[in-house]
>>> print(open('target.pdb').read())   # PDB, C-alpha atoms
MODEL        1
ATOM      1  CA  MET N   1     105.012 107.724 101.246
ATOM      2  CA  SER N   2     102.625 106.529 103.897
ATOM      3  CA  THR N   3     101.810 109.085 106.558
ATOM      4  CA  VAL N   4     100.626 106.676 109.224
ATOM      5  CA  GLN N   5     103.161 104.082 110.148
ATOM      6  CA  ASP N   6     102.070 100.907 111.892
ATOM      7  CA  ALA N   7     103.927 100.665 115.187
ATOM      8  CA  ALA N   8     104.266  96.873 114.957
ATOM      9  CA  SER N   9     105.954  97.161 111.563
ATOM     10  CA  LEU N  10     108.871  98.888 113.300
ATOM     11  CA  ILE N  11     109.817  95.582 114.957
ATOM     12  CA  PRO N  12     111.872  93.285 112.711
ATOM     13  CA  PRO N  13     111.214  89.538 113.151
ATOM     14  CA  GLU N  14     114.812  89.012 114.328
ATOM     15  CA  ALA N  15     114.180  91.420 117.200
ATOM     16  CA  ALA N  16     110.763  89.941 118.025
ATOM     17  CA  ALA N  17     112.352  86.478 118.251
ATOM     18  CA  ARG N  18     114.579  87.694 121.075
ATOM     19  CA  VAL N  19     111.706  88.132 123.555
ATOM     20  CA  GLY N  20     112.180  85.769 126.482
ATOM     21  CA  THR N  21     115.821  85.123 125.693
ATOM     22  CA  VAL N  22     118.945  86.337 127.435
ATOM     23  CA  ALA N  23     119.977  89.557 125.686
ATOM     24  CA  ALA N  24     123.294  90.024 127.391
ATOM     25  CA  THR N  25     125.432  88.750 130.200
ATOM     26  CA  ALA N  26     128.379  90.615 131.586
ATOM     27  CA  VAL N  27     130.798  90.402 134.455
ATOM     28  CA  GLY N  28     132.532  93.389 135.959
ATOM     29  CA  GLU N  29     134.444  94.412 139.015
ATOM     30  CA  VAL N  30     133.088  97.168 141.216
ATOM     31  CA  ASN N  31     135.794  99.769 141.523
ATOM     32  CA  ARG N  32     135.913 102.525 144.142
ATOM     33  CA  ARG N  33     137.580 105.093 141.903
ATOM     34  CA  GLU N  34     135.113 104.478 139.109
ATOM     35  CA  TRP N  35     132.053 104.804 141.362
ATOM     36  CA  GLN N  36     133.564 107.940 142.908
ATOM     37  CA  ARG N  37     133.996 109.404 139.426
ATOM     38  CA  TRP N  38     130.362 108.541 138.735
ATOM     39  CA  ALA N  39     129.276 110.104 142.023
ATOM     40  CA  VAL N  40     131.114 113.397 141.450
ATOM     41  CA  SER N  41     129.622 113.604 137.960
ATOM     42  CA  VAL N  42     126.250 113.583 139.764
ATOM     43  CA  LYS N  43     127.741 116.014 142.334
ATOM     44  CA  ASP N  44     126.752 113.358 144.858
ATOM     45  CA  HIS N  45     129.282 113.740 147.656
ATOM     46  CA  ASN N  46     127.597 111.356 150.094
ATOM     47  CA  PRO N  47     130.273 110.244 152.632
ATOM     48  CA  LEU N  48     129.127 106.610 152.306
ATOM     49  CA  TRP N  49     130.703 106.534 148.837
ATOM     50  CA  PHE N  50     133.941 108.333 149.871
ATOM     51  CA  ASP N  51     134.722 108.095 153.573
ATOM     52  CA  THR N  52     135.544 104.734 155.175
ATOM     53  CA  ASP N  53     135.020 106.009 158.730
ATOM     54  CA  ALA N  54     131.616 107.437 157.870
ATOM     55  CA  ALA N  55     130.602 104.203 156.127
ATOM     56  CA  ARG N  56     131.722 102.088 159.104
ATOM     57  CA  ALA N  57     129.884 104.367 161.524
ATOM     58  CA  ALA N  58     126.752 103.659 159.453
ATOM     59  CA  GLY N  59     127.224  99.892 159.755
ATOM     60  CA  TYR N  60     129.030  99.072 156.506
ATOM     61  CA  GLU N  61     132.381  97.271 156.308
ATOM     62  CA  ASP N  62     133.853 100.026 154.167
ATOM     63  CA  VAL N  63     132.800 102.630 151.606
ATOM     64  CA  VAL N  64     130.008 101.363 149.375
ATOM     65  CA  ALA N  65     129.056 102.048 145.779
ATOM     66  CA  PRO N  66     126.038 104.292 145.210
ATOM     67  CA  PRO N  67     123.119 101.878 144.648
ATOM     68  CA  LEU N  68     122.441 103.088 141.093
ATOM     69  CA  TYR N  69     126.090 102.570 140.155
ATOM     70  CA  VAL N  70     125.896  98.748 139.969
ATOM     71  CA  GLN N  71     124.522  98.866 136.404
ATOM     72  CA  TYR N  72     127.704 100.594 135.225
ATOM     73  CA  ALA N  73     130.147  98.222 136.948
ATOM     74  CA  VAL N  74     129.526  95.564 134.310
ATOM     75  CA  LEU N  75     129.880  97.664 131.174
ATOM     76  CA  GLY N  76     132.277  96.171 128.686
ATOM     77  CA  VAL N  77     134.489  97.629 126.023
ATOM     78  CA  THR N  78     133.360  98.398 122.475
ATOM     79  CA  PRO N  79     135.884  99.226 119.734
ATOM     80  CA  LEU N  80     135.028 102.673 118.410
ATOM     81  CA  ASP N  81     134.516 101.422 114.856
ATOM     82  CA  GLN N  82     131.830  99.069 116.155
ATOM     83  CA  LEU N  83     129.686 101.789 117.731
ATOM     84  CA  ARG N  84     126.309 102.515 116.227
ATOM     85  CA  ALA N  85     126.036 105.585 114.013
ATOM     86  CA  ASP N  86     124.626 107.486 116.978
ATOM     87  CA  GLY N  87     127.753 106.692 119.003
ATOM     88  CA  SER N  88     126.089 104.307 121.444
ATOM     89  CA  SER N  89     127.493 100.864 122.149
ATOM     90  CA  GLY N  90     124.406  98.691 122.409
ATOM     91  CA  ALA N  91     126.366  95.799 123.874
ATOM     92  CA  ALA N  92     124.663  95.860 127.277
ATOM     93  CA  SER N  93     121.202  95.631 125.725
ATOM     94  CA  GLY N  94     122.005  92.761 123.403
ATOM     95  CA  ASN N  95     122.397  94.815 120.209
ATOM     96  CA  LEU N  96     118.703  94.721 119.421
ATOM     97  CA  SER N  97     118.301  96.475 116.117
ATOM     98  CA  PHE N  98     115.352  98.554 114.889
ATOM     99  CA  PRO N  99     116.433  99.929 111.509
ATOM    100  CA  ASP N 100     113.093 101.701 111.029
ATOM    101  CA  ALA N 101     113.224 103.230 114.516
ATOM    102  CA  PRO N 102     116.800 104.406 114.973
ATOM    103  CA  ARG N 103     116.194 107.213 117.482
ATOM    104  CA  ARG N 104     116.625 105.613 120.878
ATOM    105  CA  MET N 105     116.084 106.943 124.363
ATOM    106  CA  ALA N 106     115.960 105.481 127.820
ATOM    107  CA  GLY N 107     112.389 104.738 128.924
ATOM    108  CA  GLY N 108     112.548 104.029 132.605
ATOM    109  CA  GLU N 109     114.128 101.942 135.287
ATOM    110  CA  SER N 110     112.770 100.196 138.337
ATOM    111  CA  THR N 111     115.226  98.522 140.677
ATOM    112  CA  THR N 112     115.132  96.644 143.968
ATOM    113  CA  PHE N 113     118.366  96.775 145.938
ATOM    114  CA  TYR N 114     119.195  93.848 148.207
ATOM    115  CA  LEU N 115     122.853  94.254 149.167
ATOM    116  CA  PRO N 116     125.538  96.931 149.040
ATOM    117  CA  CYS N 117     128.481  96.640 146.646
ATOM    118  CA  TYR N 118     132.027  97.026 147.909
ATOM    119  CA  HIS N 119     135.309  97.752 146.143
ATOM    120  CA  ARG N 120     136.412  94.717 144.113
ATOM    121  CA  ASP N 121     133.103  92.878 144.341
ATOM    122  CA  GLU N 122     132.610  90.936 141.134
ATOM    123  CA  ILE N 123     129.160  91.481 139.687
ATOM    124  CA  THR N 124     127.464  89.245 137.139
ATOM    125  CA  MET N 125     124.654  90.763 135.135
ATOM    126  CA  VAL N 126     122.077  88.652 133.313
ATOM    127  CA  ARG N 127     119.678  90.651 131.140
ATOM    128  CA  THR N 128     116.628  89.092 129.544
ATOM    129  CA  VAL N 129     114.378  90.660 126.926
ATOM    130  CA  GLU N 130     111.033  90.753 128.652
ATOM    131  CA  SER N 131     108.927  92.365 125.937
ATOM    132  CA  ILE N 132     109.047  94.305 122.682
ATOM    133  CA  VAL N 133     105.850  96.120 121.777
ATOM    134  CA  GLY N 134     104.871  98.638 119.156
ATOM    135  CA  LYS N 135     102.871 101.574 120.483
ATOM    136  CA  GLN N 136     101.182 104.627 119.124
ATOM    137  CA  GLY N 137     102.176 107.797 120.959
ATOM    138  CA  ARG N 138     101.134 111.423 120.662
ATOM    139  CA  SER N 139     104.058 112.080 118.333
ATOM    140  CA  GLY N 140     103.717 108.866 116.314
ATOM    141  CA  PRO N 141     104.579 105.200 116.573
ATOM    142  CA  PHE N 142     107.390 103.893 118.729
ATOM    143  CA  VAL N 143     108.826 100.635 120.025
ATOM    144  CA  LEU N 144     109.000  99.957 123.766
ATOM    145  CA  VAL N 145     111.576  97.361 124.806
ATOM    146  CA  THR N 146     111.634  96.076 128.387
ATOM    147  CA  TRP N 147     114.472  94.094 129.916
ATOM    148  CA  ARG N 148     114.699  92.295 133.261
ATOM    149  CA  THR N 149     118.141  92.249 134.769
ATOM    150  CA  THR N 150     119.698  90.541 137.762
ATOM    151  CA  TYR N 151     122.984  91.485 139.392
ATOM    152  CA  THR N 152     124.698  88.917 141.602
ATOM    153  CA  ASN N 153     128.018  89.115 143.403
ATOM    154  CA  GLN N 154     130.965  86.697 143.691
ATOM    155  CA  ARG N 155     129.143  84.850 146.489
ATOM    156  CA  ASP N 156     126.122  84.289 144.217
ATOM    157  CA  GLU N 157     124.118  86.687 146.348
ATOM    158  CA  LEU N 158     121.469  88.718 144.566
ATOM    159  CA  VAL N 159     122.581  92.335 144.816
ATOM    160  CA  ALA N 160     119.883  94.005 142.741
ATOM    161  CA  GLU N 161     117.109  93.251 140.308
ATOM    162  CA  ALA N 162     115.984  95.730 137.693
ATOM    163  CA  SER N 163     113.402  96.284 135.024
ATOM    164  CA  THR N 164     114.527  98.813 132.425
ATOM    165  CA  SER N 165     113.003 100.035 129.213
ATOM    166  CA  MET N 166     114.033 101.791 126.037
ATOM    167  CA  ILE N 167     112.022 103.682 123.468
ATOM    168  CA  ALA N 168     112.968 103.571 119.785
ATOM    169  CA  ARG N 169     111.322 105.971 117.355
ATOM    170  CA  PRO N 170     111.447 106.400 113.549
TER
ATOM    171  CA  MET Z   1     125.155 114.217 157.665
ATOM    172  CA  THR Z   2     122.325 114.155 160.124
ATOM    173  CA  GLN Z   3     120.397 110.937 160.515
ATOM    174  CA  LEU Z   4     116.712 110.800 159.672
ATOM    175  CA  HIS Z   5     114.600 108.405 161.748
ATOM    176  CA  VAL Z   6     111.261 106.953 160.797
ATOM    177  CA  GLU Z   7     109.674 108.844 163.682
ATOM    178  CA  ASP Z   8     110.706 112.080 161.935
ATOM    179  CA  VAL Z   9     108.557 111.490 158.848
ATOM    180  CA  ALA Z  10     104.830 111.486 158.171
ATOM    181  CA  GLU Z  11     102.697 110.971 155.116
ATOM    182  CA  GLY Z  12     102.588 114.122 153.015
ATOM    183  CA  ASP Z  13     105.993 115.407 154.140
ATOM    184  CA  ALA Z  14     108.083 116.906 151.347
ATOM    185  CA  LEU Z  15     111.690 115.970 150.696
ATOM    186  CA  PRO Z  16     114.062 118.936 150.666
ATOM    187  CA  PRO Z  17     114.169 119.777 146.950
ATOM    188  CA  LEU Z  18     117.462 119.557 145.085
ATOM    189  CA  THR Z  19     117.821 122.326 142.500
ATOM    190  CA  VAL Z  20     120.370 121.714 139.761
ATOM    191  CA  VAL Z  21     121.425 123.413 136.542
ATOM    192  CA  VAL Z  22     123.270 120.767 134.528
ATOM    193  CA  ASP Z  23     126.007 122.130 132.274
ATOM    194  CA  GLU Z  24     127.916 120.456 129.459
ATOM    195  CA  THR Z  25     130.952 119.811 131.643
ATOM    196  CA  GLN Z  26     128.848 117.776 134.040
ATOM    197  CA  MET Z  27     127.228 115.984 131.089
ATOM    198  CA  PHE Z  28     130.649 115.137 129.672
ATOM    199  CA  PHE Z  29     131.832 113.644 132.948
ATOM    200  CA  PHE Z  30     128.598 111.702 133.398
ATOM    201  CA  SER Z  31     128.880 110.243 129.894
ATOM    202  CA  ALA Z  32     132.497 109.327 130.643
ATOM    203  CA  ALA Z  33     131.598 107.707 133.967
ATOM    204  CA  THR Z  34     128.809 105.668 132.345
ATOM    205  CA  TYR Z  35     130.672 104.782 129.125
ATOM    206  CA  ASN Z  36     127.935 106.530 127.169
ATOM    207  CA  GLY Z  37     128.977 107.437 123.646
ATOM    208  CA  HIS Z  38     125.545 108.561 122.446
ATOM    209  CA  ARG Z  39     126.154 111.659 120.297
ATOM    210  CA  ILE Z  40     122.896 113.220 121.407
ATOM    211  CA  HIS Z  41     124.682 114.273 124.617
ATOM    212  CA  TYR Z  42     127.695 116.026 123.036
ATOM    213  CA  ASP Z  43     127.291 116.465 119.280
ATOM    214  CA  LYS Z  44     125.021 119.481 118.672
ATOM    215  CA  ASP Z  45     124.852 118.905 114.906
ATOM    216  CA  TRP Z  46     123.757 115.316 115.479
ATOM    217  CA  ALA Z  47     121.215 116.337 118.142
ATOM    218  CA  ARG Z  48     119.728 118.985 115.827
ATOM    219  CA  ASP Z  49     119.986 117.511 112.361
ATOM    220  CA  THR Z  50     119.560 113.799 113.025
ATOM    221  CA  GLU Z  51     117.495 113.607 116.202
ATOM    222  CA  GLY Z  52     115.571 116.860 115.815
ATOM    223  CA  TYR Z  53     116.322 118.560 119.148
ATOM    224  CA  GLU Z  54     117.309 122.185 119.603
ATOM    225  CA  ASN Z  55     120.409 121.255 121.609
ATOM    226  CA  VAL Z  56     122.201 118.315 123.192
ATOM    227  CA  LEU Z  57     120.124 116.501 125.835
ATOM    228  CA  VAL Z  58     120.806 115.941 129.505
ATOM    229  CA  GLN Z  59     121.213 112.179 129.948
ATOM    230  CA  GLY Z  60     118.080 110.453 131.291
ATOM    231  CA  PRO Z  61     120.245 108.354 133.646
ATOM    232  CA  LEU Z  62     121.788 111.591 135.003
ATOM    233  CA  GLN Z  63     118.325 112.900 135.793
ATOM    234  CA  ALA Z  64     117.582 109.546 137.439
ATOM    235  CA  ALA Z  65     120.813 109.720 139.442
ATOM    236  CA  LEU Z  66     120.039 113.269 140.602
ATOM    237  CA  LEU Z  67     116.547 112.208 141.634
ATOM    238  CA  ALA Z  68     118.022 109.290 143.607
ATOM    239  CA  ARG Z  69     120.552 111.684 145.149
ATOM    240  CA  ALA Z  70     117.690 113.833 146.467
ATOM    241  CA  VAL Z  71     116.551 110.674 148.290
ATOM    242  CA  THR Z  72     119.926 109.413 149.566
ATOM    243  CA  ASP Z  73     120.895 112.937 150.742
ATOM    244  CA  TRP Z  74     117.657 113.056 152.733
ATOM    245  CA  ILE Z  75     117.704 109.600 154.363
ATOM    246  CA  GLY Z  76     121.156 109.988 155.943
ATOM    247  CA  PRO Z  77     123.935 107.418 156.292
ATOM    248  CA  ARG Z  78     121.865 104.775 158.080
ATOM    249  CA  GLY Z  79     118.968 105.055 155.679
ATOM    250  CA  ARG Z  80     118.865 102.619 152.773
ATOM    251  CA  LEU Z  81     117.377 102.798 149.335
ATOM    252  CA  VAL Z  82     115.266  99.643 148.930
ATOM    253  CA  THR Z  83     113.468 100.269 145.655
ATOM    254  CA  TYR Z  84     113.814 103.023 143.117
ATOM    255  CA  SER Z  85     111.855 103.626 139.958
ATOM    256  CA  ALA Z  86     111.949 106.511 137.464
ATOM    257  CA  GLN Z  87     110.418 107.074 134.039
ATOM    258  CA  ASN Z  88     111.775 109.399 131.356
ATOM    259  CA  ARG Z  89     108.834 111.584 130.405
ATOM    260  CA  ALA Z  90     110.433 114.620 128.749
ATOM    261  CA  VAL Z  91     113.884 115.805 127.740
ATOM    262  CA  ALA Z  92     115.980 118.446 129.485
ATOM    263  CA  PHE Z  93     118.640 120.717 128.024
ATOM    264  CA  PRO Z  94     121.809 122.003 129.665
ATOM    265  CA  GLY Z  95     121.393 125.382 131.358
ATOM    266  CA  GLN Z  96     117.832 124.714 132.503
ATOM    267  CA  GLU Z  97     116.918 124.792 136.175
ATOM    268  CA  LEU Z  98     115.732 121.343 137.240
ATOM    269  CA  VAL Z  99     114.190 120.525 140.603
ATOM    270  CA  PHE Z 100     114.365 117.032 142.078
ATOM    271  CA  GLY Z 101     112.099 116.225 144.982
ATOM    272  CA  GLY Z 102     109.205 114.231 146.277
ATOM    273  CA  ARG Z 103     106.882 113.525 149.127
ATOM    274  CA  VAL Z 104     106.106 110.770 151.580
ATOM    275  CA  THR Z 105     103.165 108.587 150.585
ATOM    276  CA  GLY Z 106     103.359 105.933 153.291
ATOM    277  CA  VAL Z 107     105.149 105.001 156.514
ATOM    278  CA  ARG Z 108     105.200 101.607 158.185
ATOM    279  CA  ILE Z 109     107.263  99.888 160.857
ATOM    280  CA  GLU Z 110     108.880  96.506 160.190
ATOM    281  CA  GLY Z 111     110.935  95.190 163.095
ATOM    282  CA  ASP Z 112     113.635  97.633 164.087
ATOM    283  CA  ARG Z 113     113.336  99.640 160.872
ATOM    284  CA  GLY Z 114     110.738 101.817 159.235
ATOM    285  CA  LEU Z 115     109.809 101.627 155.564
ATOM    286  CA  VAL Z 116     108.864 104.865 153.883
ATOM    287  CA  ASP Z 117     107.267 105.096 150.440
ATOM    288  CA  LEU Z 118     107.993 108.131 148.327
ATOM    289  CA  GLU Z 119     106.551 109.704 145.227
ATOM    290  CA  LEU Z 120     109.310 111.476 143.314
ATOM    291  CA  SER Z 121     109.565 113.967 140.540
ATOM    292  CA  ALA Z 122     112.156 115.746 138.467
ATOM    293  CA  GLY Z 123     110.664 118.943 137.144
ATOM    294  CA  ARG Z 124     111.359 122.066 135.143
ATOM    295  CA  GLY Z 125     108.899 124.754 136.106
ATOM    296  CA  ASP Z 126     105.518 123.053 135.866
ATOM    297  CA  ASP Z 127     106.782 120.294 133.547
ATOM    298  CA  VAL Z 128     107.333 116.856 135.049
ATOM    299  CA  LEU Z 129     110.362 115.430 133.270
ATOM    300  CA  MET Z 130     110.737 112.303 135.304
ATOM    301  CA  PRO Z 131     108.174 110.882 137.716
ATOM    302  CA  GLY Z 132     109.340 108.163 140.061
ATOM    303  CA  THR Z 133     108.790 106.247 143.239
ATOM    304  CA  ALA Z 134     111.062 104.850 145.921
ATOM    305  CA  THR Z 135     110.925 102.929 149.152
ATOM    306  CA  VAL Z 136     113.551 103.666 151.771
ATOM    307  CA  SER Z 137     114.369 101.927 155.020
ATOM    308  CA  LEU Z 138     115.066 104.189 157.995
ATOM    309  CA  PRO Z 139     116.301 103.365 161.490
ATOM    310  CA  ARG Z 140     113.955 103.774 164.441
ATOM    311  CA  ARG Z 141     114.913 106.229 167.095
ATOM    312  CA  GLU Z 142     116.912 104.728 169.987
ATOM    313  CA  GLY Z 143     114.588 103.198 172.581
ATOM    314  CA  SER Z 144     111.514 103.198 170.359
ATOM    315  CA  ALA Z 145     112.116  99.778 168.770
TER
ENDMDL
END
>>> encode(input="target.pdb", output="structure tokens")
Amino acid sequence: MSTVQDAASLIPPEAAARVGTVAATAVGEVNRREWQRWAVSVKDHNPLWFDTDAARAAGYEDVVAPPLYVQYAVLGVTPLDQLRADGSSGAASGNLSFPDAPRRMAGGESTTFYLPCYHRDEITMVRTVESIVGKQGRSGPFVLVTWRTTYTNQRDELVAEASTSMIARP
Amino acid sequence: MTQLHVEDVAEGDALPPLTVVVDETQMFFFSAATYNGHRIHYDKDWARDTEGYENVLVQGPLQAALLARAVTDWIGPRGRLVTYSAQNRAVAFPGQELVFGGRVTGVRIEGDRGLVDLELSAGRGDDVLMPGTATVSLPRREGSA
């Protein structure tokens, strides 16, 4: 058994070929109850997400979704027998597979917000694989995947633009 | 909520820190709200035996959401989050005291609004779990624009 694993060898050719391509597209409706459930799970009781009068007093048409919520408005539905062994869905990231690096964790996120989202806005997400690189970390090799994602609404207005990353380790 | 104005902030100012102890109930509801089935957040055997952690892990996106909440709580209803960035640096376990905060690194006026740059951090004791940055837009005080 080799003790030093080459980070690049963790990236199968099928995954490497996805760089520069669209990994996933999704459409979803922003829903007030769902963003309010998200907000209370963060214990974020900001009146802008809950109270129409407070939101109007602040210049909005109505209550708005928390900015970070937009990424969840587009999540689809995965039959339970199609989940990965670790229980995650993978659909939103294009089902990139790293059999030699199955332990996955979120890397980071960087988002620019352009417009608020209201109840029943229809959001289209387009996620592109920006890069897949093998790296050597303190605790061994890992794969860093970076996606670029745009979110537009039903009027084709850009709502938000994000760069997100994921780390996969052996 | 009181409204923060750009005239109220200066470089070096600290955000009021948000101190949170995440428990497994909160983690369950956050996973539900984000359609996150990853076992590492609820299956202790999986977290220990397969992923090698001592316990289930607090979701990175929950840490990111709490860090953003520290910002949106501070900027008030007429403040807006313009950019937000956070990196997962280290894991957190339920029951640990986490502190979400930051400080002002820049202030500039653009038209009738002010833009404020922030350096953010989620920490546990001296450990930085999640560094981040944000830019927020704040209203100018009446009559100063």
>>> interface_residues(input="target.pdb", of="chain Z", to="chain N", cutoff="6 Å", atoms="only C-alpha atoms", output="CSV table (one decimal) with C-alpha atoms, keeping the file's coordinate frame")
chain,number,residue,atom,x,y,z
Z,26,GLN,CA,128.8,117.8,134.0
Z,29,PHE,CA,131.8,113.6,132.9
Z,30,PHE,CA,128.6,111.7,133.4
Z,33,ALA,CA,131.6,107.7,134.0
Z,34,THR,CA,128.8,105.7,132.3
Z,37,GLY,CA,129.0,107.4,123.6
Z,38,HIS,CA,125.5,108.6,122.4
Z,39,ARG,CA,126.2,111.7,120.3
Z,77,PRO,CA,123.9,107.4,156.3
Z,78,ARG,CA,121.9,104.8,158.1
Z,82,VAL,CA,115.3,99.6,148.9
Z,83,THR,CA,113.5,100.3,145.7
Z,84,TYR,CA,113.8,103.0,143.1
Z,85,SER,CA,111.9,103.6,140.0
Z,86,ALA,CA,111.9,106.5,137.5
Z,87,GLN,CA,110.4,107.1,134.0
Z,88,ASN,CA,111.8,109.4,131.4
>>> closest_residue(input="target.pdb", among="Z:Val58, Z:Ala64, Z:Val9, Z:Val20", to="Glu97 in chain Z", atoms="only C-alpha atoms")
Z:Val20
>>> resolve_selection(input="target.pdb", expression="the PyMOL selection byres ((chain Z and resi 56) around 9)", output="VMD selection string")
chain Z and resid 24 39 to 48 53 to 55 57 to 58 92 to 94
>>> residues_around(input="target.pdb", residues="range 13-16 of chain Z", least_positions_apart="6", cutoff="10 Å", atoms="only C-alpha atoms", output="short mmCIF file (atom, residue, chain, number, x, y, z; two decimals) with C-alpha atoms, in the frame of the given file")
data_model
loop_
_atom_site.label_atom_id
_atom_site.label_comp_id
_atom_site.auth_asym_id
_atom_site.auth_seq_id
_atom_site.Cartn_x
_atom_site.Cartn_y
_atom_site.Cartn_z
CA ALA Z 70 117.69 113.83 146.47
CA VAL Z 71 116.55 110.67 148.29
CA ASP Z 73 120.90 112.94 150.74
CA TRP Z 74 117.66 113.06 152.73
CA ILE Z 75 117.70 109.60 154.36
CA PHE Z 100 114.36 117.03 142.08
CA GLY Z 101 112.10 116.22 144.98
CA GLY Z 102 109.20 114.23 146.28
CA ARG Z 103 106.88 113.52 149.13
CA VAL Z 104 106.11 110.77 151.58
CA THR Z 105 103.16 108.59 150.58
CA GLY Z 106 103.36 105.93 153.29
CA LEU Z 118 107.99 108.13 148.33
CA GLU Z 119 106.55 109.70 145.23
CA LEU Z 120 109.31 111.48 143.31
#
>>> resolve_selection(input="target.pdb", expression="the PyMOL selection byres ((chain N and resi 155) around 12)", output="PDB file with C-alpha atoms, keeping the file's coordinate frame")
ATOM      1  CA  LEU N 115     122.853  94.254 149.167  1.00  0.00           C
ATOM      2  CA  CYS N 117     128.481  96.640 146.646  1.00  0.00           C
ATOM      3  CA  ASP N 121     133.103  92.878 144.341  1.00  0.00           C
ATOM      4  CA  GLU N 122     132.610  90.936 141.134  1.00  0.00           C
ATOM      5  CA  ILE N 123     129.160  91.481 139.687  1.00  0.00           C
ATOM      6  CA  THR N 124     127.464  89.245 137.139  1.00  0.00           C
ATOM      7  CA  TYR N 151     122.984  91.485 139.392  1.00  0.00           C
ATOM      8  CA  THR N 152     124.698  88.917 141.602  1.00  0.00           C
ATOM      9  CA  ASN N 153     128.018  89.115 143.403  1.00  0.00           C
ATOM     10  CA  GLN N 154     130.965  86.697 143.691  1.00  0.00           C
ATOM     11  CA  ASP N 156     126.122  84.289 144.217  1.00  0.00           C
ATOM     12  CA  GLU N 157     124.118  86.687 146.348  1.00  0.00           C
ATOM     13  CA  LEU N 158     121.469  88.718 144.566  1.00  0.00           C
ATOM     14  CA  VAL N 159     122.581  92.335 144.816  1.00  0.00           C
TER      15      VAL N 159
END
>>> atom_distance(input="target.pdb", atom1="CA of Asp127 in chain Z", atom2="CA of Trp147 in chain N")
27.5 Å
>>> atom_distance(input="target.pdb", atom1="CA of Leu66 in chain Z", atom2="CA of Tyr118 in chain N")
21.5 Å
>>> atom_distance(input="target.pdb", atom1="CA of Tyr35 in chain Z", atom2="CA of Thr25 in chain N")
16.9 Å
>>> residues_near_point(input="target.pdb", point="(112.6, 101.6, 109.5)", cutoff="9 Å", atoms="all atoms listed in the file", output="PyMOL selection string")
chain N and resi 9-12+98-102+170
>>> axis_aligned_box(input="target.pdb", around="range 24-34 of chain Z", padding_each_side="4 Å", output="lines of an AutoDock Vina configuration file")
center_x = 129.9
center_y = 113.1
center_z = 131.7
size_x = 13.3
size_y = 22.8
size_z = 12.6
>>> closest_residue(input="target.pdb", among="Z:Met130, Z:Ala90, Z:Val136, Z:Val21", to="His5 in chain Z", atoms="all atoms listed in the file")
Z:Val136
